[in-house]
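So this block is upload-v8.cif, mmCIF, C-alpha atoms and all ligand atoms:
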```cif
data_upload
loop_
_atom_site.label_atom_id
_atom_site.label_comp_id
_atom_site.auth_asym_id
_atom_site.auth_seq_id
_atom_site.Cartn_x
_atom_site.Cartn_y
_atom_site.Cartn_z
CA MET A 1 106.03 89.56 55.72
CA LYS A 2 105.11 92.85 54.04
CA ARG A 3 107.66 95.01 55.84
CA LYS A 4 110.82 95.64 53.83
CA THR A 5 114.00 95.03 55.81
CA ASP A 6 117.49 93.74 55.31
CA LYS A 7 117.98 92.85 58.99
CA GLN A 8 118.92 89.20 59.45
CA ALA A 9 117.42 88.90 62.94
CA THR A 10 114.02 89.93 61.55
CA LEU A 11 114.21 87.96 58.32
CA ALA A 12 115.21 84.75 60.11
CA VAL A 13 111.94 84.58 62.07
CA HIS A 14 109.59 85.68 59.25
CA ALA A 15 111.01 84.67 55.86
CA GLY A 16 109.46 81.59 54.27
CA ASP A 17 106.40 81.45 56.57
CA ARG A 18 102.74 82.35 55.91
CA LYS A 19 102.59 81.60 52.22
CA LYS A 20 98.92 81.63 51.21
CA LEU A 21 97.83 78.05 50.60
CA GLY A 22 94.05 78.10 51.21
CA GLU A 23 91.28 79.72 53.24
CA TYR A 24 93.46 80.30 56.28
CA THR A 25 97.20 80.45 56.75
CA PRO A 26 99.20 78.76 59.53
CA THR A 27 101.46 81.25 61.35
CA THR A 28 104.41 78.90 61.07
CA THR A 29 104.73 76.39 58.23
CA PRO A 30 103.61 72.90 59.31
CA ILE A 31 105.04 69.55 58.18
CA TYR A 32 103.50 68.57 54.85
CA ALA A 33 104.02 64.82 55.07
CA THR A 34 102.79 63.96 51.59
CA SER A 35 104.44 62.62 48.46
CA SER A 36 102.00 64.13 45.94
CA PHE A 37 99.43 66.91 45.62
CA PHE A 38 95.83 66.81 44.43
CA TYR A 39 93.99 69.34 42.25
CA GLU A 40 90.21 69.34 41.67
CA ARG A 41 90.73 70.20 38.03
CA SER A 42 93.36 68.40 35.94
CA GLU A 43 93.78 71.63 34.03
CA ASP A 44 95.29 73.20 37.17
CA LEU A 45 97.67 70.29 37.65
CA GLU A 46 98.78 70.69 34.04
CA LYS A 47 99.39 74.43 34.59
CA VAL A 48 101.54 73.66 37.64
CA PHE A 49 103.49 71.09 35.61
CA ASN A 50 104.05 73.77 32.95
CA ASP A 51 105.19 76.37 35.51
CA GLU A 52 102.22 78.57 34.50
CA LYS A 53 100.77 78.35 37.99
CA GLU A 54 102.45 78.14 41.39
CA GLY A 55 101.92 74.90 43.22
CA ASN A 56 103.25 71.47 44.04
CA VAL A 57 102.82 68.20 42.19
CA TYR A 58 105.24 65.72 43.72
CA SER A 59 107.55 66.11 46.72
CA ARG A 60 110.75 65.25 44.82
CA TYR A 61 110.05 68.38 42.75
CA GLY A 62 109.08 70.50 45.72
CA ASN A 63 107.20 70.37 49.04
CA PRO A 64 105.69 73.33 50.96
CA THR A 65 107.65 72.65 54.19
CA VAL A 66 110.92 72.20 52.31
CA SER A 67 110.23 75.31 50.18
CA ALA A 68 109.56 77.40 53.30
CA PHE A 69 112.98 76.45 54.72
CA GLU A 70 114.61 77.10 51.33
CA ASP A 71 113.00 80.56 51.12
CA GLN A 72 114.07 81.38 54.66
CA ILE A 73 117.75 80.63 54.03
CA ALA A 74 117.74 82.12 50.50
CA THR A 75 116.41 85.35 52.01
CA LEU A 76 119.14 85.42 54.67
CA GLU A 77 121.80 84.61 52.08
CA GLY A 78 120.58 87.19 49.53
CA ALA A 79 120.15 84.34 47.02
CA ASP A 80 117.53 83.94 44.26
CA TYR A 81 116.85 80.36 45.30
CA GLY A 82 117.65 77.64 47.82
CA VAL A 83 117.49 73.90 47.13
CA ALA A 84 117.53 71.80 50.32
CA THR A 85 119.10 68.34 50.32
CA ALA A 86 119.28 65.39 52.71
CA SER A 87 122.81 66.23 53.91
CA GLY A 88 125.63 68.70 53.44
CA MET A 89 127.47 66.08 51.38
CA SER A 90 124.55 65.65 48.97
CA ALA A 91 124.47 69.46 48.52
CA ILE A 92 128.21 69.52 47.73
CA HIS A 93 127.85 66.53 45.38
CA MET A 94 124.97 68.12 43.48
CA ALA A 95 126.55 71.59 43.31
CA LEU A 96 129.77 70.12 41.87
CA MET A 97 127.87 67.96 39.38
CA ALA A 98 125.76 70.92 38.24
CA GLY A 99 128.83 73.12 37.90
CA LEU A 100 130.75 70.55 35.86
CA LEU A 101 127.85 69.41 33.69
CA ASP A 102 128.55 71.85 30.87
CA ARG A 103 132.06 72.95 31.85
CA ARG A 104 135.56 71.54 31.65
CA LYS A 105 135.73 68.36 33.73
CA SER A 106 138.38 69.66 36.05
CA VAL A 107 138.37 71.18 39.55
CA VAL A 108 140.70 73.32 41.62
CA ALA A 109 140.01 72.77 45.32
CA GLY A 110 141.25 74.36 48.52
CA ASP A 111 144.09 72.26 49.96
CA VAL A 112 142.27 71.82 53.29
CA LEU A 113 138.65 70.74 52.91
CA TYR A 114 136.11 68.80 54.94
CA GLY A 115 137.44 65.20 54.76
CA GLN A 116 134.46 63.76 52.88
CA THR A 117 134.63 66.57 50.30
CA THR A 118 138.21 65.56 49.47
CA ALA A 119 137.07 61.91 49.40
CA LEU A 120 134.21 62.84 47.04
CA LEU A 121 136.65 64.49 44.64
CA GLN A 122 139.22 61.68 44.82
CA LYS A 123 137.08 58.56 45.09
CA VAL A 124 133.97 59.55 43.10
CA PHE A 125 134.66 62.38 40.67
CA GLU A 126 138.17 61.27 39.68
CA PRO A 127 137.08 57.78 38.51
CA PHE A 128 134.48 59.60 36.36
CA GLY A 129 137.31 61.52 34.68
CA VAL A 130 137.26 64.72 36.71
CA GLU A 131 140.76 65.80 37.63
CA THR A 132 141.29 67.87 40.82
CA ARG A 133 144.27 70.00 41.76
CA TYR A 134 144.70 71.44 45.24
CA ALA A 135 146.03 74.85 46.21
CA ASP A 136 146.05 77.10 49.27
CA PRO A 137 143.35 79.79 48.74
CA CYS A 138 145.00 81.99 51.41
CA ASN A 139 148.04 82.28 49.15
CA LEU A 140 146.32 84.12 46.30
CA GLU A 141 149.32 84.22 43.95
CA ALA A 142 149.99 80.47 44.15
CA PHE A 143 146.27 79.79 43.95
CA GLU A 144 145.91 81.78 40.73
CA THR A 145 148.93 80.02 39.22
CA THR A 146 147.24 76.66 39.82
CA VAL A 147 143.93 77.94 38.39
CA ALA A 148 145.69 79.38 35.33
CA LYS A 149 147.42 76.07 34.68
CA ALA A 150 144.38 73.86 35.30
CA GLN A 151 141.72 76.08 33.63
CA PRO A 152 139.14 74.28 35.79
CA GLY A 153 135.38 74.16 35.23
CA CYS A 154 134.84 74.69 38.97
CA ILE A 155 136.69 75.94 42.01
CA ILE A 156 135.61 74.78 45.45
CA LEU A 157 136.68 76.04 48.87
CA GLU A 158 135.45 76.70 52.40
CA THR A 159 134.85 80.04 54.12
CA ILE A 160 136.77 78.92 57.24
CA THR A 161 138.98 75.86 56.97
CA ASN A 162 138.96 73.02 59.42
CA PRO A 163 140.69 72.56 61.89
CA LEU A 164 143.28 75.36 61.55
CA LEU A 165 140.64 78.02 60.84
CA ARG A 166 142.19 79.82 57.87
CA VAL A 167 139.93 82.38 56.17
CA PRO A 168 140.44 82.97 52.43
CA ALA A 169 139.59 86.40 50.98
CA LEU A 170 136.52 85.28 49.02
CA ASP A 171 136.19 88.52 47.05
CA LYS A 172 139.74 88.11 45.73
CA VAL A 173 139.26 84.40 44.95
CA ALA A 174 136.04 85.34 43.11
CA GLU A 175 138.06 87.72 40.91
CA ILE A 176 140.49 84.89 40.11
CA ALA A 177 137.58 82.58 39.23
CA LYS A 178 136.07 85.24 36.92
CA ARG A 179 139.42 85.91 35.19
CA HIS A 180 139.73 82.22 34.31
CA GLY A 181 136.07 81.49 33.55
CA ALA A 182 135.56 78.99 36.39
CA GLN A 183 132.44 78.62 38.53
CA LEU A 184 133.21 79.30 42.20
CA ILE A 185 131.45 77.06 44.74
CA VAL A 186 131.88 77.87 48.42
CA ASP A 187 131.04 75.72 51.44
CA ALA A 188 129.92 78.33 53.98
CA SER A 189 128.91 75.94 56.79
CA PHE A 190 131.36 77.53 59.29
CA THR A 191 130.25 81.14 58.70
CA THR A 192 126.50 81.15 57.88
CA PRO A 193 124.92 84.31 56.42
CA VAL A 194 125.42 86.00 59.80
CA LEU A 195 129.17 86.26 59.13
CA SER A 196 129.39 86.23 55.36
CA ARG A 197 127.13 86.38 52.30
CA PRO A 198 129.48 84.95 49.65
CA LEU A 199 127.12 85.61 46.70
CA GLU A 200 127.57 89.35 47.34
CA LEU A 201 131.35 88.87 47.14
CA GLY A 202 131.12 87.37 43.64
CA VAL A 203 130.82 83.68 44.54
CA ASP A 204 128.56 81.72 42.13
CA VAL A 205 127.13 78.98 44.33
CA VAL A 206 126.98 78.61 48.14
CA VAL A 207 126.46 75.31 49.95
CA HIS A 208 125.85 74.64 53.63
CA SER A 209 125.67 71.62 55.82
CA SER A 210 122.47 72.70 57.59
CA THR A 211 123.26 69.94 60.08
CA LYS A 212 125.56 72.52 61.68
CA TYR A 213 124.89 76.18 62.60
CA LEU A 214 121.82 76.72 60.36
CA SER A 215 119.68 74.21 62.28
CA GLY A 216 121.94 74.52 65.33
CA HIS A 217 120.50 71.89 67.64
CA GLY A 218 122.24 68.71 66.48
CA ASP A 219 118.94 66.98 65.71
CA ILE A 220 118.92 66.73 61.90
CA LEU A 221 121.08 66.00 58.88
CA GLY A 222 120.64 68.44 56.00
CA GLY A 223 122.20 70.57 53.31
CA ILE A 224 121.25 73.48 51.08
CA ILE A 225 122.47 74.96 47.78
CA LEU A 226 121.98 78.69 47.13
CA GLY A 227 122.64 80.82 44.09
CA ARG A 228 121.42 83.29 41.52
CA LYS A 229 118.87 82.60 38.79
CA ASP A 230 121.46 81.50 36.22
CA THR A 231 122.41 78.37 38.19
CA LEU A 232 118.86 77.35 39.18
CA PRO A 233 117.74 75.40 36.07
CA THR A 234 120.60 72.85 36.29
CA ILE A 235 120.33 72.49 40.07
CA ASN A 236 116.57 72.01 39.80
CA TYR A 237 116.97 69.48 37.02
CA LEU A 238 119.47 67.49 39.09
CA ARG A 239 117.17 67.58 42.11
CA LYS A 240 114.43 66.04 39.98
CA THR A 241 116.65 63.39 38.39
CA LEU A 242 118.90 62.49 41.35
CA GLY A 243 116.40 62.94 44.18
CA PRO A 244 118.67 63.87 47.11
CA ASN A 245 115.78 65.81 48.69
CA ALA A 246 115.54 67.05 52.25
CA SER A 247 112.54 65.54 54.06
CA PRO A 248 109.66 67.75 55.28
CA PHE A 249 110.37 66.64 58.88
CA ASP A 250 114.03 67.67 58.79
CA SER A 251 113.18 70.88 56.92
CA TYR A 252 110.67 71.79 59.63
CA LEU A 253 113.30 71.34 62.36
CA ALA A 254 115.95 73.15 60.33
CA MET A 255 113.62 76.10 59.75
CA ARG A 256 112.66 76.24 63.41
CA GLY A 257 116.34 76.17 64.36
CA ALA A 258 117.31 78.84 61.83
CA LYS A 259 114.84 81.32 63.35
CA THR A 260 117.35 81.87 66.16
CA LEU A 261 120.42 81.80 63.91
CA SER A 262 121.48 85.43 64.56
CA LEU A 263 121.02 85.10 68.33
CA ARG A 264 122.96 81.86 68.51
CA MET A 265 125.70 82.79 66.08
CA GLU A 266 126.47 86.16 67.68
CA LYS A 267 126.51 84.62 71.17
CA GLN A 268 128.68 81.70 70.02
CA CYS A 269 131.15 84.02 68.28
CA ARG A 270 131.45 86.20 71.39
CA ASN A 271 131.85 83.14 73.62
CA ALA A 272 134.54 81.81 71.27
CA ALA A 273 136.50 85.08 71.49
CA GLN A 274 136.44 84.82 75.30
CA VAL A 275 137.44 81.14 75.24
CA ALA A 276 140.33 81.90 72.85
CA ARG A 277 141.55 84.71 75.11
CA GLN A 278 141.44 82.56 78.26
CA LEU A 279 143.06 79.51 76.69
CA ALA A 280 146.05 81.62 75.65
CA GLU A 281 146.74 82.08 79.40
CA CYS A 282 146.82 78.32 80.02
CA SER A 283 150.42 77.06 80.33
CA ALA A 284 149.67 73.55 79.01
CA ILE A 285 148.21 75.04 75.82
CA GLU A 286 151.03 75.70 73.38
CA ARG A 287 149.10 77.55 70.73
CA VAL A 288 145.57 78.85 70.14
CA TYR A 289 144.12 79.11 66.62
CA PHE A 290 141.38 81.73 66.39
CA PRO A 291 140.82 84.14 63.47
CA GLY A 292 140.00 86.91 65.97
CA ASN A 293 143.54 86.92 67.38
CA PRO A 294 145.41 89.87 65.86
CA ASP A 295 148.40 87.58 65.17
CA HIS A 296 146.24 85.13 63.16
CA PRO A 297 147.37 85.29 59.49
CA ASP A 298 143.82 86.06 58.27
CA TYR A 299 142.81 88.52 60.99
CA GLU A 300 142.78 91.45 58.53
CA THR A 301 140.65 89.49 56.05
CA CYS A 302 138.09 88.79 58.79
CA VAL A 303 138.02 92.43 59.89
CA ARG A 304 137.46 93.44 56.27
CA LEU A 305 134.79 90.84 55.41
CA PHE A 306 132.97 89.85 58.63
CA PRO A 307 130.70 92.02 60.84
CA GLU A 308 132.54 93.92 63.54
CA GLY A 309 133.69 91.75 66.45
CA LEU A 310 132.61 88.41 64.91
CA PHE A 311 135.29 85.89 63.92
CA GLY A 312 133.42 82.59 63.91
CA ALA A 313 132.71 80.30 66.84
CA MET A 314 135.40 77.68 66.33
CA VAL A 315 138.61 77.62 68.35
CA SER A 316 141.45 75.13 67.98
CA PHE A 317 144.46 74.65 70.24
CA ASP A 318 147.63 72.56 70.63
CA LEU A 319 147.75 70.68 73.91
CA ALA A 320 151.23 69.80 75.19
CA GLY A 321 151.74 66.03 75.37
CA GLY A 322 150.17 64.81 72.14
CA ARG A 323 147.69 61.99 71.61
CA GLU A 324 147.69 60.46 75.11
CA ARG A 325 147.11 63.86 76.71
CA VAL A 326 144.33 64.78 74.27
CA LEU A 327 142.46 61.52 74.91
CA ALA A 328 142.76 62.09 78.69
CA PHE A 329 141.54 65.67 78.16
CA LEU A 330 138.46 64.53 76.22
CA ASP A 331 137.65 61.95 78.93
CA ALA A 332 138.01 64.59 81.66
CA LEU A 333 135.46 67.00 80.16
CA GLU A 334 132.39 67.38 82.38
CA MET A 335 130.14 69.55 80.19
CA VAL A 336 131.69 70.16 76.77
CA VAL A 337 130.62 67.15 74.69
CA PRO A 338 133.36 65.21 72.88
CA ALA A 339 131.31 64.51 69.75
CA THR A 340 131.81 64.59 66.00
CA SER A 341 129.89 67.64 64.88
CA LEU A 342 129.91 71.41 65.23
CA GLY A 343 127.67 74.42 65.32
CA ASP A 344 125.27 73.05 67.94
CA VAL A 345 123.98 75.00 70.95
CA GLN A 346 126.15 72.86 73.22
CA SER A 347 129.94 73.20 73.13
CA LEU A 348 131.61 70.28 71.38
CA ALA A 349 135.23 69.09 71.32
CA LEU A 350 136.82 66.96 68.64
CA TYR A 351 140.24 65.39 68.09
CA PRO A 352 141.04 65.81 64.37
CA ALA A 353 143.81 63.17 64.31
CA MET A 354 141.25 60.59 65.53
CA SER A 355 138.11 61.68 63.71
CA SER A 356 137.84 64.29 60.95
CA HIS A 357 141.40 63.79 59.66
CA ARG A 358 142.04 60.16 60.65
CA ASP A 359 142.27 59.00 57.02
CA LEU A 360 145.30 61.19 56.40
CA ALA A 361 148.76 59.70 56.89
CA PRO A 362 150.53 61.22 59.96
CA LYS A 363 153.08 62.82 57.60
CA GLN A 364 150.31 64.46 55.56
CA ARG A 365 148.65 65.74 58.75
CA GLU A 366 151.98 67.16 59.85
CA ARG A 367 152.45 68.87 56.45
CA LEU A 368 149.03 70.51 56.87
CA GLY A 369 150.00 71.64 60.38
CA ILE A 370 147.57 69.29 62.16
CA GLY A 371 149.63 68.11 65.10
CA ASP A 372 148.99 65.17 67.47
CA GLY A 373 148.03 67.60 70.25
CA LEU A 374 145.51 69.59 68.20
CA VAL A 375 141.98 69.88 69.63
CA ARG A 376 139.07 71.59 67.86
CA LEU A 377 136.31 73.26 69.84
CA SER A 378 132.90 74.29 68.57
CA VAL A 379 131.87 76.87 71.13
CA GLY A 380 128.20 76.75 72.16
CA ILE A 381 125.75 79.17 73.77
CA GLU A 382 126.40 78.20 77.40
CA ASP A 383 127.71 80.76 79.90
CA PRO A 384 131.33 81.39 78.84
CA ALA A 385 132.59 80.92 82.42
CA ASP A 386 131.28 77.33 82.38
CA ILE A 387 132.87 76.57 79.01
CA ILE A 388 136.24 77.98 80.06
CA GLY A 389 136.02 76.41 83.53
CA ASP A 390 135.36 72.97 82.07
CA ILE A 391 138.21 73.17 79.57
CA VAL A 392 140.69 74.42 82.18
CA GLN A 393 139.79 71.68 84.69
CA ALA A 394 140.02 69.03 81.94
CA VAL A 395 143.44 70.34 80.86
CA GLU A 396 144.62 70.11 84.49
CA ARG A 397 143.11 66.69 85.17
CA SER A 398 144.47 65.29 81.90
CA GLU A 399 147.99 66.20 83.02
CA LYS A 400 147.50 64.27 86.27
CA ALA A 401 145.93 61.33 84.44
CA VAL A 402 148.86 61.06 82.06
CA ALA A 403 151.38 61.38 84.94
CA GLN A 404 149.49 58.69 86.89
CA ALA A 405 149.45 56.35 83.87
CA THR A 406 153.21 56.80 83.48
CA THR A 407 153.81 56.02 87.19
CA ASP A 408 151.53 52.94 87.04
CA HIS A 409 153.30 51.78 83.93
CA ARG A 410 156.71 52.16 85.64
CA SER A 411 155.69 50.32 88.78
CA GLU A 412 154.22 47.46 86.72
CA SER A 413 157.39 46.90 84.73
C1 LIG A 501 129.66 68.68 58.28
C2 LIG A 501 130.24 69.35 57.10
C3 LIG A 501 129.94 68.89 55.81
C4 LIG A 501 129.08 67.67 55.57
O1 LIG A 501 127.77 67.89 55.96
P1 LIG A 501 126.76 66.69 56.38
O2 LIG A 501 125.52 67.41 56.70
O3 LIG A 501 127.38 65.98 57.53
O4 LIG A 501 126.65 65.81 55.17
C5 LIG A 501 130.49 69.57 54.75
N1 LIG A 501 131.27 70.64 54.93
C6 LIG A 501 131.57 71.11 56.14
C7 LIG A 501 132.44 72.31 56.27
C8 LIG A 501 131.06 70.48 57.28
O5 LIG A 501 131.38 70.95 58.49
#
```
What's the structure tokens form of this structure?
Amino acid sequence: MKRKTDKQATLAVHAGDRKKLGEYTPTTTPIYATSSFFYERSEDLEKVFNDEKEGNVYSRYGNPTVSAFEDQIATLEGADYGVATASGMSAIHMALMAGLLDRRKSVVAGDVLYGQTTALLQKVFEPFGVETRYADPCNLEAFETTVAKAQPGCIILETITNPLLRVPALDKVAEIAKRHGAQLIVDASFTTPVLSRPLELGVDVVVHSSTKYLSGHGDILGGIILGRKDTLPTINYLRKTLGPNASPFDSYLAMRGAKTLSLRMEKQCRNAAQVARQLAECSAIERVYFPGNPDHPDYETCVRLFPEGLFGAMVSFDLAGGRERVLAFLDALEMVVPATSLGDVQSLALYPAMSSHRDLAPKQRERLGIGDGLVRLSVGIEDPADIIGDIVQAVERSEKAVAQATTDHRSES
């Protein structure tokens, strides 16, 4: 696209497409299902190998469909590059490895992270000699104390934590990272560039699970690493030597999905605000967690850092009655899908104690504030009245189901 703009809605549908490849140019980038690339003259192939000429040689090094998706997201993120991977986890793995390669082999991590990220640090990096300390990035003073003590090579955290939806002030954490010479890696899967562009706040490397909002339709698994020029050589080298590449098929779907990212994200955030407001009225719901509620501890941070009126599209709530009630609630849903993902066009509900945080001991969950009645919603693009209506009827029916089970149990014994 020749037109200069910084508008995300425009960039999302144009960026990455229509790169000149031959006599004519496809309007949207097709799937280049090929492992290698042929040149009439070996001299040209050599030039591409030497980075003297633009082109592709082998799909582990780069592929036109994958590059188009990478350019699209890098443009939205204000990054110098994007490197797409087969999953969010492979992006996090590679970003951490690249960050630690020539730095101190120690990490400070947010105390609440995606479960597999904690597992990666504890079960993979630790046996390789990388020590990790955990601290709450929403408590800046305590966080800096931990960083000062550990002098880590890397710091890793998430833009919105799961499932309690805390929002650290990334600009302030970036200052802490700079003061102590650590590279700051941020998992921005929950915010996307529509809500936050962490590189502009001083973050060094951004990763996404593009399985979630970026692709948005629950039909692929993917990840992407984004950064400025200084971090590209190591990331590129690791892509070539480790080979965790995104496939052209998945990149095509991810790019197609990301064209509507602004539309979806804005709608989902507005739906989530309505859902959060309505759930607060529901007597069986003891507490609603939503960063857009003025009594949420990070409300001010969101107002300061996110676009006006957008607070993310995730809502969590405590349902009275604990585990039994939550399971009955999930079974009573008629539209919202009880499935283990987030960021899709359909609304999804998840029970952290059973899925994302099942590996934690009940005591540890309790310490983190993840109760037995906690439900996490990923709000979709449906009509908000249908989303709210379904949740309210499932809350009501789950109460009856639990009462019925208790009566049956009594009459049996
Ligand atoms: C889903 C998720 C991941 C892992 O991504 P995959 O694509 O499933 O590998 C990492 N971080 C966050 C915040 C996620 O939600």
Within 6 Å of ligand LIG 501 (chain A): each chain A residue with its shortest pair, all atoms listed in the file, as a tab-separated table:
```
residue	atom	partner	partner_atom	distance
A:Ser87	CA	A:LIG501	O4	4.1
A:Gly88	CA	A:LIG501	O1	3.4
A:Met89	CA	A:LIG501	O4	3.9
A:Tyr114	CA	A:LIG501	N1	5.2
A:Ser189	CA	A:LIG501	C7	5.1
A:Ser209	CA	A:LIG501	O1	4.3
A:Thr211	CA	A:LIG501	O2	4.8
A:Leu221	CA	A:LIG501	O2	5.1
A:Gly222	CA	A:LIG501	O2	5.0
A:Gly223	CA	A:LIG501	O2	5.7
```
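Across A:Arg323, A:His14, A:Lys400, A:Lys172, the tightest approach to Thr27 (chain A) is made by A:His14 when counting all atoms listed in the file.
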Selected residue of minimal separation from Val147 (chain A) among A:Ala320, A:Ala177, A:Ala403, A:Leu199, counting all atoms listed in the file: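 Distance minimum relative to Val147 (chain A) lands on A:Ala177.
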Of the listed residues A:Glu286, A:Glu366, A:Asp386, A:Asp219, that which approaches Pro352 (chain A) most closely, counting only C-alpha atoms: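 Of A:Glu286, A:Glu366, A:Asp386, A:Asp219, the one nearest Pro352 (chain A), counting only C-alpha atoms, is A:Glu366.
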Answer as number ranges by chain, residues within 12 Å of (117.3, 84.6, 49.5) using all atoms listed in the file: A: 6, 8, 11-12, 15-16, 67-83, 193, 197, 199-200, 206, 224-229
Distance of CA of Phe329 (chain A) from CA of Leu350 (chain A), expressed in Å to one decimal place: 10.7 Å
Within 12 Å of Leu263 (chain A) using all atoms listed in the file, minus same-chain residues under 5 positions, as a PyMOL selection string: chain A and resi 8-10+12-13+194+213-214+216+257-258+268-270+345+380-381
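Proximity ranking of A:Asn56, A:Ser106, A:Asn236, A:Gln122 relative to Ala84 (chain A) places A:Asn236 first, based on only C-alpha atoms.
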Leu100 (chain A) surroundings by all atoms listed in the file, 12 Å radius, close-in-sequence under 6 positions cut, as a ChimeraX atom specification: /A:93-94,106-108,125,128-132,152-156,182-185,231,234-235
Output the selection as a PDB file, in the coordinates of the input - C-alpha atoms for each residue.
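In the end it all went to again-v3.pdb:
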```
ATOM      1  CA  HIS A  93     127.850  66.530  45.380  1.00  0.00           C
ATOM      2  CA  MET A  94     124.970  68.120  43.480  1.00  0.00           C
ATOM      3  CA  SER A 106     138.380  69.660  36.050  1.00  0.00           C
ATOM      4  CA  VAL A 107     138.370  71.180  39.550  1.00  0.00           C
ATOM      5  CA  VAL A 108     140.700  73.320  41.620  1.00  0.00           C
ATOM      6  CA  PHE A 125     134.660  62.380  40.670  1.00  0.00           C
ATOM      7  CA  PHE A 128     134.480  59.600  36.360  1.00  0.00           C
ATOM      8  CA  GLY A 129     137.310  61.520  34.680  1.00  0.00           C
ATOM      9  CA  VAL A 130     137.260  64.720  36.710  1.00  0.00           C
ATOM     10  CA  GLU A 131     140.760  65.800  37.630  1.00  0.00           C
ATOM     11  CA  THR A 132     141.290  67.870  40.820  1.00  0.00           C
ATOM     12  CA  PRO A 152     139.140  74.280  35.790  1.00  0.00           C
ATOM     13  CA  GLY A 153     135.380  74.160  35.230  1.00  0.00           C
ATOM     14  CA  CYS A 154     134.840  74.690  38.970  1.00  0.00           C
ATOM     15  CA  ILE A 155     136.690  75.940  42.010  1.00  0.00           C
ATOM     16  CA  ILE A 156     135.610  74.780  45.450  1.00  0.00           C
ATOM     17  CA  ALA A 182     135.560  78.990  36.390  1.00  0.00           C
ATOM     18  CA  GLN A 183     132.440  78.620  38.530  1.00  0.00           C
ATOM     19  CA  LEU A 184     133.210  79.300  42.200  1.00  0.00           C
ATOM     20  CA  ILE A 185     131.450  77.060  44.740  1.00  0.00           C
ATOM     21  CA  THR A 231     122.410  78.370  38.190  1.00  0.00           C
ATOM     22  CA  THR A 234     120.600  72.850  36.290  1.00  0.00           C
ATOM     23  CA  ILE A 235     120.330  72.490  40.070  1.00  0.00           C
TER      24      ILE A 235
END
```
Separation of CA of Thr191 (chain A) from CA of Phe306 (chain A) in Å: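 Spanning CA of Phe306 (chain A) to CA of Thr191 (chain A) is a straight-line distance of 9.1 Å.
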Identify, on the basis of all atoms listed in the file, every residue whose closest approach to Leu157 (chain A) does not exceed 6 Å; exclude the query and any residue fewer than 4 positions from it along the same chain; express the result as a PDB file with C-alpha atoms, in the frame of the given file.
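Saved as selection.pdb:
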```pdb
ATOM      1  CA  ALA A 109     140.010  72.770  45.320  1.00  0.00           C
ATOM      2  CA  GLY A 110     141.250  74.360  48.520  1.00  0.00           C
ATOM      3  CA  VAL A 186     131.880  77.870  48.420  1.00  0.00           C
TER       4      VAL A 186
END
```
Nearest residue to Leu242 (chain A) from the set A:Leu165, A:Tyr61, A:Gln364, A:Thr29 (distances using all atoms listed in the file):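 With all atoms listed in the file as the atom set, the closest residue is A:Tyr61.
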Nearest-residue call for Asp187 (chain A), choices A:Leu305, A:Ala135, A:Ala95, A:Thr260, using only C-alpha atoms: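 The answer is A:Ala95, which sits nearest to Asp187 (chain A).
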Å distance separating CA of Ile370 (chain A) from CA of His296 (chain A), one decimal place: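 The value is 15.9 Å.
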Could you give me the centre and size, in Å to one decimal, of an axis-aligned box around all listed atoms of region 152-169 of chain A with 5 Å added on every side, as lines of an AutoDock Vina configuration file?
```
center_x = 139.1
center_y = 79.5
center_z = 48.6
size_x = 18.4
size_y = 23.8
size_z = 36.7
```
Contacts of Glu396 (chain A) at 12 Å (only C-alpha atoms; same-chain gap of 6+ positions) as a list in words: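 Listing them by chain and then by number gives Cys282, Ser283, Ala284, Ile285, Leu319, Ala320, Arg325, Val326, Ala328, Phe329, Leu330, Ala332, Leu333, Gly389, Asp390, Val402 and Ala403 of chain A.
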Save out the residues we just selected, C-alpha atoms, as a CSV table (one decimal), in the frame of the given file.
```
chain,number,residue,atom,x,y,z
A,282,CYS,CA,146.8,78.3,80.0
A,283,SER,CA,150.4,77.1,80.3
A,284,ALA,CA,149.7,73.6,79.0
A,285,ILE,CA,148.2,75.0,75.8
A,319,LEU,CA,147.8,70.7,73.9
A,320,ALA,CA,151.2,69.8,75.2
A,325,ARG,CA,147.1,63.9,76.7
A,326,VAL,CA,144.3,64.8,74.3
A,328,ALA,CA,142.8,62.1,78.7
A,329,PHE,CA,141.5,65.7,78.2
A,330,LEU,CA,138.5,64.5,76.2
A,332,ALA,CA,138.0,64.6,81.7
A,333,LEU,CA,135.5,67.0,80.2
A,389,GLY,CA,136.0,76.4,83.5
A,390,ASP,CA,135.4,73.0,82.1
A,402,VAL,CA,148.9,61.1,82.1
A,403,ALA,CA,151.4,61.4,84.9
```
